Each structure stands twice: as structure tokens, then as C-alpha cells.
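**Student:** File follows, upload30.cif with mmCIF, C-alpha atoms:
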data_run
#
loop_
_atom_site.label_atom_id
_atom_site.label_comp_id
_atom_site.auth_asym_id
_atom_site.auth_seq_id
_atom_site.Cartn_x
_atom_site.Cartn_y
_atom_site.Cartn_z
CA MET N 21 1.72 -39.48 0.94
CA ASP N 22 -1.01 -38.65 3.43
CA TYR N 23 0.43 -35.17 3.87
CA LEU N 24 0.61 -34.64 0.11
CA LEU N 25 -3.03 -35.74 -0.26
CA LEU N 26 -4.06 -33.43 2.60
CA PHE N 27 -2.12 -30.58 0.99
CA ILE N 28 -3.67 -30.99 -2.46
CA SER N 29 -7.14 -31.47 -1.06
CA THR N 30 -6.80 -28.27 1.01
CA VAL N 31 -5.46 -26.23 -1.89
CA LEU N 32 -7.89 -27.33 -4.59
CA VAL N 33 -10.75 -29.57 -3.45
CA ASN N 34 -11.59 -27.88 -0.15
CA ASN N 35 -10.35 -24.46 -1.15
CA ILE N 36 -10.73 -22.17 1.85
CA VAL N 37 -12.20 -19.27 -0.14
CA LEU N 38 -14.26 -20.76 -2.92
CA VAL N 39 -15.50 -23.97 -1.31
CA LYS N 40 -15.58 -23.10 2.40
CA PHE N 41 -16.37 -19.42 1.75
CA LEU N 42 -14.00 -18.06 4.37
CA GLY N 43 -11.99 -14.89 3.84
CA LEU N 44 -14.24 -13.24 1.28
CA CYS N 45 -13.46 -9.73 2.52
CA PRO N 46 -9.90 -9.53 1.13
CA LEU N 47 -11.07 -11.42 -1.98
CA MET N 48 -13.33 -8.48 -2.81
CA GLY N 49 -11.25 -5.76 -1.19
CA VAL N 50 -7.69 -6.23 -2.42
CA SER N 51 -8.25 -7.90 -5.80
CA ASN N 52 -8.30 -4.70 -7.89
CA ASN N 53 -4.63 -4.92 -8.65
CA LEU N 54 -2.64 -8.05 -9.44
CA SER N 55 0.55 -7.09 -7.59
CA ALA N 56 -1.34 -5.96 -4.48
CA ALA N 57 -3.33 -9.21 -4.54
CA PHE N 58 -0.10 -11.19 -4.79
CA GLY N 59 1.37 -9.24 -1.85
CA MET N 60 -1.81 -9.81 0.17
CA GLY N 61 -1.59 -13.52 -0.66
CA LEU N 62 2.00 -13.64 0.57
CA ALA N 63 1.21 -11.74 3.78
CA THR N 64 -1.81 -13.94 4.50
CA THR N 65 0.24 -17.07 3.75
CA PHE N 66 2.75 -16.00 6.34
CA VAL N 67 0.10 -15.20 8.95
CA LEU N 68 -1.99 -18.31 8.27
CA THR N 69 0.91 -20.75 8.48
CA LEU N 70 2.38 -19.14 11.58
CA SER N 71 -0.96 -18.85 13.38
CA ALA N 72 -1.93 -22.45 12.52
CA LEU N 73 1.33 -23.55 14.13
CA ALA N 74 1.04 -21.23 17.15
CA SER N 75 -2.61 -22.08 17.80
CA TRP N 76 -1.84 -25.81 17.73
CA ILE N 77 0.91 -25.27 20.31
CA ILE N 78 -1.35 -23.18 22.53
CA GLU N 79 -4.23 -25.67 22.21
CA HIS N 80 -2.17 -28.74 23.09
CA LEU N 81 0.34 -27.33 25.57
CA LEU N 82 -1.84 -24.82 27.39
CA LEU N 83 -5.59 -25.13 26.90
CA VAL N 84 -6.01 -28.93 27.03
CA PRO N 85 -3.64 -29.66 29.97
CA LEU N 86 -5.15 -26.85 32.05
CA ASN N 87 -8.68 -27.85 31.03
CA ILE N 88 -9.62 -24.37 29.83
CA GLU N 89 -10.71 -25.13 26.25
CA PHE N 90 -13.50 -22.55 26.57
CA LEU N 91 -10.83 -19.88 26.10
CA ARG N 92 -9.97 -21.28 22.67
CA ILE N 93 -11.44 -18.54 20.46
CA LEU N 94 -10.20 -15.75 22.74
CA SER N 95 -6.62 -16.99 22.88
CA PHE N 96 -6.56 -17.81 19.14
CA ILE N 97 -7.65 -14.27 18.31
CA LEU N 98 -4.92 -12.98 20.63
CA ILE N 99 -2.29 -15.03 18.82
CA ILE N 100 -3.55 -14.08 15.35
CA ALA N 101 -3.53 -10.39 16.25
CA ALA N 102 0.05 -10.68 17.49
CA VAL N 103 1.19 -12.52 14.36
CA VAL N 104 -0.48 -9.90 12.15
CA GLN N 105 1.23 -7.08 14.03
CA PHE N 106 4.52 -8.89 13.60
CA THR N 107 3.87 -9.34 9.86
CA GLU N 108 3.04 -5.67 9.51
CA ALA N 109 6.33 -4.68 11.15
CA VAL N 110 8.23 -7.01 8.81
CA VAL N 111 6.44 -5.79 5.67
CA ARG N 112 6.94 -2.14 6.62
CA LYS N 113 10.64 -2.79 7.05
CA THR N 114 11.22 -4.94 3.97
CA SER N 115 8.85 -3.43 1.40
CA PRO N 116 7.48 0.07 2.08
CA LEU N 117 5.77 0.05 -1.32
CA LEU N 118 3.82 -3.13 -0.57
CA HIS N 119 2.96 -1.69 2.85
CA LYS N 120 1.51 1.37 1.14
CA ASN N 121 -0.41 -0.73 -1.41
CA LEU N 122 -1.98 -3.06 1.13
CA GLY N 123 -2.84 -0.17 3.43
CA VAL N 124 -5.65 -0.96 5.83
CA PHE N 125 -6.05 -4.51 4.56
CA LEU N 126 -2.84 -5.62 6.24
CA PRO N 127 -4.08 -5.08 9.82
CA LEU N 128 -7.46 -6.40 8.65
CA ILE N 129 -5.90 -9.87 8.22
CA THR N 130 -6.61 -10.07 11.96
CA THR N 131 -10.32 -10.22 11.20
CA ASN N 132 -9.89 -12.45 8.16
CA CYS N 133 -12.13 -15.35 9.09
CA ALA N 134 -9.97 -17.74 7.06
CA VAL N 135 -7.17 -17.36 9.60
CA LEU N 136 -9.34 -18.06 12.65
CA GLY N 137 -11.26 -20.64 10.63
CA VAL N 138 -8.13 -22.67 9.87
CA ALA N 139 -7.03 -22.56 13.51
CA LEU N 140 -10.45 -23.78 14.68
CA LEU N 141 -10.74 -26.41 11.93
CA ASN N 142 -7.37 -27.77 13.02
CA VAL N 143 -8.86 -28.41 16.45
CA ARG N 144 -12.12 -29.86 15.11
CA GLU N 145 -10.37 -32.27 12.74
CA GLU N 146 -7.95 -33.25 15.55
CA TYR N 147 -4.91 -32.76 13.34
CA SER N 148 -1.38 -33.44 14.58
CA LEU N 149 1.25 -30.68 14.58
CA VAL N 150 2.57 -31.54 11.11
CA GLN N 151 -0.93 -32.05 9.76
CA SER N 152 -2.11 -28.65 11.01
CA LEU N 153 1.00 -27.04 9.53
CA VAL N 154 0.27 -28.69 6.16
CA PHE N 155 -3.39 -27.71 6.45
CA GLY N 156 -2.45 -24.11 7.26
CA MET N 157 0.02 -23.87 4.39
CA GLY N 158 -2.40 -25.52 1.97
CA SER N 159 -5.20 -23.16 2.90
CA ALA N 160 -2.87 -20.20 2.55
CA LEU N 161 -1.66 -21.35 -0.85
CA GLY N 162 -5.26 -21.93 -1.96
CA PHE N 163 -6.15 -18.45 -0.77
CA SER N 164 -3.19 -16.91 -2.64
CA ILE N 165 -4.00 -18.80 -5.85
CA VAL N 166 -7.62 -17.64 -5.75
CA MET N 167 -6.55 -14.05 -4.98
CA VAL N 168 -4.17 -13.97 -7.95
CA ILE N 169 -6.62 -15.62 -10.38
CA PHE N 170 -9.44 -13.35 -9.25
CA ALA N 171 -7.30 -10.20 -9.45
CA GLY N 172 -6.27 -11.16 -12.99
CA LEU N 173 -9.92 -11.66 -13.93
CA ARG N 174 -10.92 -8.34 -12.39
CA GLU N 175 -8.15 -6.50 -14.22
CA ARG N 176 -9.66 -7.83 -17.46
CA ILE N 177 -13.20 -7.03 -16.38
CA ALA N 178 -12.10 -3.46 -15.66
CA LEU N 179 -11.37 -3.07 -19.38
CA ALA N 180 -14.44 -4.97 -20.59
CA ASN N 181 -17.70 -3.44 -21.65
CA VAL N 182 -19.96 -4.52 -18.80
CA PRO N 183 -23.68 -3.59 -18.88
CA GLU N 184 -24.28 -0.67 -16.57
CA THR N 185 -26.52 -2.63 -14.22
CA PHE N 186 -23.77 -5.12 -13.50
CA ALA N 187 -20.74 -2.83 -13.55
CA GLY N 188 -18.54 -2.79 -10.47
CA THR N 189 -19.24 -5.09 -7.53
CA PRO N 190 -22.11 -7.14 -9.06
CA VAL N 191 -20.01 -8.44 -11.94
CA SER N 192 -17.18 -9.18 -9.50
CA LEU N 193 -19.52 -11.25 -7.34
CA ILE N 194 -20.79 -13.12 -10.40
CA THR N 195 -17.20 -13.81 -11.43
CA ALA N 196 -16.41 -15.06 -7.94
CA GLY N 197 -19.41 -17.37 -8.16
CA LEU N 198 -18.28 -18.76 -11.52
CA LEU N 199 -14.76 -19.24 -10.17
CA SER N 200 -16.23 -21.06 -7.18
CA LEU N 201 -18.14 -23.29 -9.60
CA VAL N 202 -14.85 -24.13 -11.30
CA PHE N 203 -13.24 -25.07 -7.99
CA MET N 204 -16.28 -27.20 -7.04
CA GLY N 205 -15.32 -29.25 -10.10
CA PHE N 206 -12.26 -30.49 -8.24
CA SER N 207 -14.45 -32.34 -5.69
CA GLY N 208 -14.18 -36.07 -6.14
CA MET N 209 -10.63 -35.72 -7.44
CA ILE N 210 -9.28 -37.09 -4.16
CA MET H 26 -11.40 -19.03 36.92
CA PHE H 27 -8.03 -18.00 38.32
CA VAL H 28 -6.25 -20.35 35.96
CA ALA H 29 -8.07 -18.87 32.98
CA THR H 30 -7.31 -15.29 34.03
CA LEU H 31 -3.69 -16.10 34.75
CA VAL H 32 -3.18 -17.93 31.47
CA LEU H 33 -4.70 -15.13 29.39
CA THR H 34 -2.72 -12.48 31.27
CA ALA H 35 0.51 -14.42 30.83
CA LEU H 36 -0.25 -15.00 27.14
CA GLY H 37 -0.99 -11.32 26.61
CA LEU H 38 2.16 -10.23 28.42
CA LEU H 39 4.32 -12.70 26.50
CA LEU H 40 2.90 -11.69 23.11
CA GLY H 41 3.17 -8.02 23.98
CA TRP H 42 6.79 -8.45 24.98
CA LEU H 43 7.56 -10.36 21.77
CA LEU H 44 5.87 -7.64 19.69
CA GLY H 45 7.83 -4.95 21.48
CA LEU H 46 10.99 -6.85 20.66
CA ALA H 47 9.95 -7.23 17.01
CA ALA H 48 9.13 -3.52 16.80
CA LYS H 49 12.68 -2.74 17.93
CA VAL H 50 14.31 -5.20 15.54
CA PHE H 51 12.22 -4.09 12.54
CA ALA H 52 12.11 -0.40 13.41
CA VAL H 53 11.83 1.88 10.38
CA GLU H 54 13.60 5.17 10.73
CA GLU H 55 11.13 7.76 9.56
CA ASN H 56 11.45 11.44 10.20
CA PRO H 57 7.90 12.77 10.56
CA ILE H 58 9.01 16.27 9.58
CA VAL H 59 10.26 14.99 6.21
CA ASN H 60 6.73 13.80 5.40
CA GLU H 61 5.35 17.15 6.53
CA VAL H 62 7.76 19.08 4.30
CA GLU H 63 7.06 16.76 1.38
CA ALA H 64 3.35 17.39 1.75
CA LEU H 65 3.97 21.14 1.49
CA LEU H 66 6.06 20.88 -1.69
CA PRO H 67 4.21 21.07 -5.04
CA GLY H 68 4.69 17.37 -5.77
CA SER H 69 5.15 17.82 -9.51
CA GLN H 70 8.60 16.16 -9.25
CA CYS H 71 10.01 18.78 -11.64
CA GLY H 72 13.59 18.59 -10.43
CA GLN H 73 14.35 22.32 -10.69
CA CYS H 74 15.81 22.20 -7.18
CA GLY H 75 18.47 19.79 -8.40
CA PHE H 76 17.03 16.75 -6.60
CA PRO H 77 15.39 13.81 -8.35
CA GLY H 78 11.98 14.57 -6.82
CA CYS H 79 10.08 16.33 -4.11
CA SER H 80 10.69 13.66 -1.46
CA ALA H 81 14.47 13.83 -1.99
CA ALA H 82 14.31 17.61 -1.80
CA ALA H 83 12.29 17.42 1.41
CA GLU H 84 14.90 15.15 2.98
CA ALA H 85 17.70 17.50 1.96
CA MET H 86 15.84 20.53 3.33
CA VAL H 87 15.32 18.85 6.69
CA GLU H 88 18.97 17.81 6.81
CA GLY H 89 19.91 21.37 5.97
CA THR H 90 21.81 20.55 2.77
CA ALA H 91 19.26 22.38 0.61
CA ALA H 92 17.98 25.90 1.14
CA VAL H 93 14.29 26.28 1.91
CA ASN H 94 13.95 28.61 -1.07
CA CYS H 95 15.30 26.12 -3.61
CA CYS H 96 11.83 25.32 -4.97
CA PRO H 97 10.95 27.79 -7.75
CA PRO H 98 7.37 26.55 -8.37
CA GLY H 99 6.59 26.92 -4.67
CA GLY H 100 7.59 30.57 -4.72
CA ARG H 101 7.74 32.93 -1.83
CA ALA H 102 4.74 31.57 0.05
CA LEU H 103 6.27 28.11 0.26
CA THR H 104 9.63 29.53 1.34
CA GLU H 105 7.97 31.40 4.21
CA THR H 106 6.03 28.33 5.39
CA LEU H 107 9.10 26.12 5.22
CA ALA H 108 11.31 28.68 6.98
CA GLU H 109 8.82 28.82 9.83
CA LEU H 110 8.50 25.03 10.01
CA LEU H 111 12.23 24.35 9.91
CA ASN H 112 13.14 27.40 11.99
CA VAL H 113 15.33 29.06 9.36
CA ASP H 114 15.96 32.82 9.31
CA LEU H 115 14.47 34.18 6.09
CA ASN H 116 17.01 37.03 5.97
CA SER H 117 19.93 34.61 5.91
CA LEU H 118 18.81 33.20 2.56
CA GLY H 119 20.17 34.48 -0.72
CA ASP H 120 18.06 35.38 -3.69
CA ALA H 121 15.53 32.74 -4.57
CA PRO H 122 15.52 31.40 -8.12
CA VAL H 123 12.91 33.34 -10.10
CA PRO H 124 9.80 31.32 -11.04
CA GLN H 125 9.78 30.58 -14.76
CA LEU H 126 6.84 30.25 -17.08
CA ALA H 127 6.72 28.22 -20.26
CA THR H 128 5.60 29.95 -23.43
CA ILE H 129 4.85 28.28 -26.73
CA ASP H 130 5.94 30.00 -29.94
CA ASP H 131 2.78 29.62 -31.99
CA THR H 132 4.57 30.18 -35.29
CA LEU H 133 6.58 26.98 -34.74
CA CYS H 134 4.08 24.75 -32.87
CA THR H 135 2.79 21.87 -35.00
CA GLY H 136 0.25 20.58 -32.49
CA CYS H 137 2.03 17.30 -31.86
CA THR H 138 0.52 17.01 -28.31
CA LYS H 139 3.82 15.76 -26.86
CA CYS H 140 4.18 18.66 -24.45
CA TYR H 141 0.78 18.44 -22.85
CA LYS H 142 1.23 14.74 -22.19
CA ALA H 143 4.48 15.57 -20.40
CA CYS H 144 3.03 18.40 -18.31
CA PRO H 145 2.69 17.30 -14.65
CA THR H 146 0.25 20.09 -13.78
CA ASP H 147 -1.97 19.97 -16.89
CA ALA H 148 -1.02 23.55 -17.67
CA ILE H 149 -0.89 23.03 -21.45
CA VAL H 150 -4.10 22.96 -23.48
CA GLY H 151 -4.48 21.91 -27.08
CA ALA H 152 -5.46 19.09 -29.38
CA THR H 153 -3.89 17.20 -32.24
CA ARG H 154 -2.77 19.57 -34.98
CA GLN H 155 -4.09 22.56 -33.03
CA ILE H 156 -1.63 25.07 -31.67
CA HIS H 157 -1.09 24.55 -27.96
CA ALA H 158 -1.09 27.22 -25.30
CA VAL H 159 0.15 27.44 -21.72
CA ILE H 160 -2.13 28.42 -18.86
CA SER H 161 0.32 30.55 -16.93
CA LYS H 162 -1.54 30.22 -13.63
CA ALA H 163 -1.01 26.45 -13.63
CA CYS H 164 2.53 26.41 -15.02
CA THR H 165 5.27 25.65 -12.51
CA GLY H 166 8.14 26.15 -14.95
CA CYS H 167 9.41 22.60 -14.62
CA SER H 168 10.76 22.55 -18.22
CA LYS H 169 9.49 19.03 -18.87
CA CYS H 170 7.59 20.28 -21.92
CA LYS H 171 10.71 21.98 -23.22
CA ASP H 172 12.60 18.70 -23.16
CA VAL H 173 10.02 16.78 -25.19
CA CYS H 174 9.16 19.46 -27.79
CA PRO H 175 10.42 18.23 -31.20
CA GLU H 176 10.08 21.70 -32.75
CA ASP H 177 12.02 23.46 -30.00
CA CYS H 178 9.27 26.04 -29.79
CA ILE H 179 8.86 26.17 -26.00
CA SER H 180 10.88 28.68 -24.04
CA LEU H 181 11.05 29.37 -20.33
CA ASN H 182 11.00 32.98 -19.24
CA PRO H 183 10.45 34.83 -15.98
CA GLU H 184 6.89 35.93 -15.50
CA PRO H 185 6.21 39.16 -17.40
CA VAL H 186 5.60 42.14 -15.15
CA THR H 187 1.96 43.18 -15.01
CA LEU H 188 -0.04 45.47 -12.75
CA ASN H 189 -0.99 42.46 -10.62
CA ASN H 190 2.50 41.24 -9.76
CA TRP H 191 4.66 44.37 -9.91
CA HIS H 192 6.53 45.22 -6.75
CA TRP H 193 9.32 47.54 -5.65
CA THR H 194 12.82 46.18 -6.25
CA LYS H 195 14.70 45.07 -3.18
CA PRO H 196 17.23 47.53 -1.76
CA GLU H 197 20.71 46.65 -2.98
CA ALA H 198 23.05 45.03 -0.49
CA ALA H 199 26.04 47.11 0.53
#
Reformat the file's structure so that it appears as C-alpha cells.
**Tutor:**
Amino acid sequence: MDYLLLFISTVLVNNIVLVKFLGLCPLMGVSNNLSAAFGMGLATTFVLTLSALASWIIEHLLLVPLNIEFLRILSFILIIAAVVQFTEAVVRKTSPLLHKNLGVFLPLITTNCAVLGVALLNVREEYSLVQSLVFGMGSALGFSIVMVIFAGLRERIALANVPETFAGTPVSLITAGLLSLVFMGFSGMI
Amino acid sequence: MFVATLVLTALGLLLGWLLGLAAKVFAVEENPIVNEVEALLPGSQCGQCGFPGCSAAAEAMVEGTAAVNCCPPGGRALTETLAELLNVDLNSLGDAPVPQLATIDDTLCTGCTKCYKACPTDAIVGATRQIHAVISKACTGCSKCKDVCPEDCISLNPEPVTLNNWHWTKPEAA
């Protein structure tokens, strides 16, 4: 029950993108196209879950016993970069089309602050292994949901008659703000 | 300090080794020369070479199952570039297919606009219920317009001889 509550609260109430404002770069960058956004969500889900798991293992089996917690950020970045490289190899093998669509944004998952953010939040909140896995998966699912919703909205905005002053990025940012407002409405649910 | 250095080094080595392993397992076989040949081809996916598209033709050319002069829209210039790239003797090739040009019979054209929507190189100009015309410089002779024309008024012919493209005929083979 605790895990379910943690999961729902991570997906909706404390959504990583719209409430914690992490990972805004892919939200703006890859949300032009619904299928690309979905693919990006899947790739990030994979990376986030795997890196949350790997960083917990490194933190508790390596950094804490050897008393070298000051290397936390450095080693987490190392792990995330490796997981991203691995994901890129897998995506290139399994879906060349998705690889082409995602382009530069796939390696840029390395610098997605949501990924490092989740790994560091896991340490701060002192989560157990299962808890950090649930937290990682929840954040990833929340990220994917927001990506898909936002890409759908932007596909509609692309066809709408937007005043010239707001056309392009400004109206996207306003939409993101409104969407964030919607997700803020979930607070107090749990 | 030594512990920190050692741990990071070991971590880096381990991850690097794992990535190397993953790169081998998930290796994608890509022939760089296929991409190079594909970039040289016109890219209008016309299918006159007998392959479904330019990338399939490029693969066949690199494998050697298609002649380098099988692309009519590319013409002689493309054949020469490809022969140099793929190290093929130009003299060993037979006659290249002659480039074709589409012409619209203006007595039959109803201005239905179907052909210029089908044209991959935007070589057909016209508007609804206006007679269409072909810009011969842009036409690659892919015959896509011929297939969609409901009036059957498009024909494909070799380029008419003018002062600009006339040349001596080749000597006949013995």
C-alpha cells in the first residue's frame, strides 16, 4: 500500500516535470510530434528506472561503506551516461526510425536533470531499494504522461490561429504553465 | 584520496567494459558506402531502376547486383560519379536507359491537378481547371504523373534533340 501511495504521489502529485520543474529541456525540445514524444518518454523511462536502481546500488554498496559520499554526483553522472549509451545502442538496433526521430535528444538524456534529480532525491529521502525503484518508475511514468499530453496539445496549437506575438515558443510555455497548474490541483489528493 | 581515485577508475573501467560488450551485442550492420551512394542518387524514389526506392537501389549497386547506370534521372553525370566511387569500369557497362521526359497533351488535359500532386520533383505547374505543363528541366521521367492521370494525356518520351543537347552518335560495336 505504501508503495502504491508513493507511486501515485510521484506520478501525479509530485510530478517530476510540472511540479518539481526538472527535465524541461526535452519537454520543450521533443514535444513537436506525438510519436517522437512517446518514444522519448519510453527511452527516458528506461534510463530513469535503470539509473535509479544503479545509483542506489552504488550509493549503498560503494560510496557509504568506503566513506566517499563526496563523489556522489560524479559517480551518478558516470552511471547515467553509461545507461544512456546503452539505451542508445538498444534503440538503434531495435527501432532505427525512432533513433532517427529522437536524434540528438537521445544522448541528451544524459544531461536531463530529471534523471540526476531522481537519483539524488532517492539519497536525500533515504529510500530503500524497492522504494527508489518505485520512485524512479513513478517519475519516469509522470514524465512520459506529461510529454504525451504536452505533445498532443502542441500538435493542436500548431493548427490553431495564435496571435503573432505569442506564436511558437511563447504559447508553448504558456501551455506548459497551464498544464502545470492542472497538475498542482492534484496536491492534497494524498 | 587513493580510495576515491581507485573507486572512480574501477567504476569507469567496469562501465566502459560493459558498454563495449553492449556495443558488440547490439551492433548494427551499416555499410557507410551505401549511405554515400544513396546521398548521390536523386532521392525521388521513382522506381525506374526496378527497385522500390533509392535506398534499395543504392544497396543493390554496392552489392553489385545493379549496374551503376540503372538510374535514368541521374543520367551520365551520376553514372560517372558512381563508377568512380564503386570502382567500376565505365566501358564495361551497356547502354544506359535514355532519360525520359513527361509531356502533357494540352488538347486532353482537364486541369484536374492530380499529376502535379503526384510529382516528386514539382516539375508540373498548373492550377485547377487550367491546363498543366511540365518544366522539362525539373522532370526526372519517373512516370508517377502518367499513372495518376485520369485522361491518359501524359506521355513519356526521350528528350527532343536541340542545339544544346545534340551530340555525335556513338560508334557502333563490331
**Student:** Within 8 Å of chain N, which residues belong to chain H? Use all atoms listed in the file and report them as a PyMOL selection string.
**Tutor:** chain H and resi 28-29+33+36-37+40-41+44+47-48+51-53
**Student:** How far is it from atom CA of N:Leu47 to atom CA of N:Phe125, in Å with one decimal?
**Tutor:**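 So the two atoms, atom CA of N:Leu47 and atom CA of N:Phe125, lie 10.8 Å apart.
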**Student:** Pull the closest atom pair for each residue of stretch 115-190 of chain H that gets at most 12 Å from stretch 105-111 of chain H, along with the distance in Å to one decimal, counting only C-alpha atoms, ordering rows by chain and then ascending residue number, as CSV.
**Tutor:**
residue,atom,partner,partner_atom,distance
H:Leu115,CA,H:Ala108,CA,6.4
H:Asn116,CA,H:Ala108,CA,10.2
H:Ser117,CA,H:Ala108,CA,10.5
H:Leu118,CA,H:Ala108,CA,9.8
H:Ala121,CA,H:Glu105,CA,11.7
**Student:** Pull C-alpha atoms from the residues just selected and write them as a compact mmCIF listing (two decimals), in the frame of the given file.
**Tutor:**
# COMPACT_ATOMS: atom_id res chain seq x y z
CA LEU H 115 14.47 34.18 6.09
CA ASN H 116 17.01 37.03 5.97
CA SER H 117 19.93 34.61 5.91
CA LEU H 118 18.81 33.20 2.56
CA ALA H 121 15.53 32.74 -4.57
**Student:** What's the separation between atom CA of N:Leu42 and atom CA of N:Leu118, in Å to one decimal place?
**Tutor:**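 These two atoms are separated by 23.8 Å.
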**Student:** Would you list the contacts of N:Glu146 as a ChimeraX atom specification, taking every protein, DNA or RNA residue within 10 Å and counting all atoms listed in the file, but skipping same-chain residues closer than 6 positions in sequence?
**Tutor:** /N:76,140,152
**Student:** List the neighbours of N:Ala171 out to 8 Å using all atoms listed in the file; skip same-chain residues closer than 6 positions along the sequence, and give me the result as a PyMOL selection string.
**Tutor:** chain N and resi 51-54+57
**Student:** Show which residues sit within 10 Å of stretch 144-153 of chain H, as a ChimeraX atom specification. Count all atoms listed in the file, and ignore same-chain residues fewer than 2 positions away.
**Tutor:** /H:67-71,127-129,135-142,155-171,173
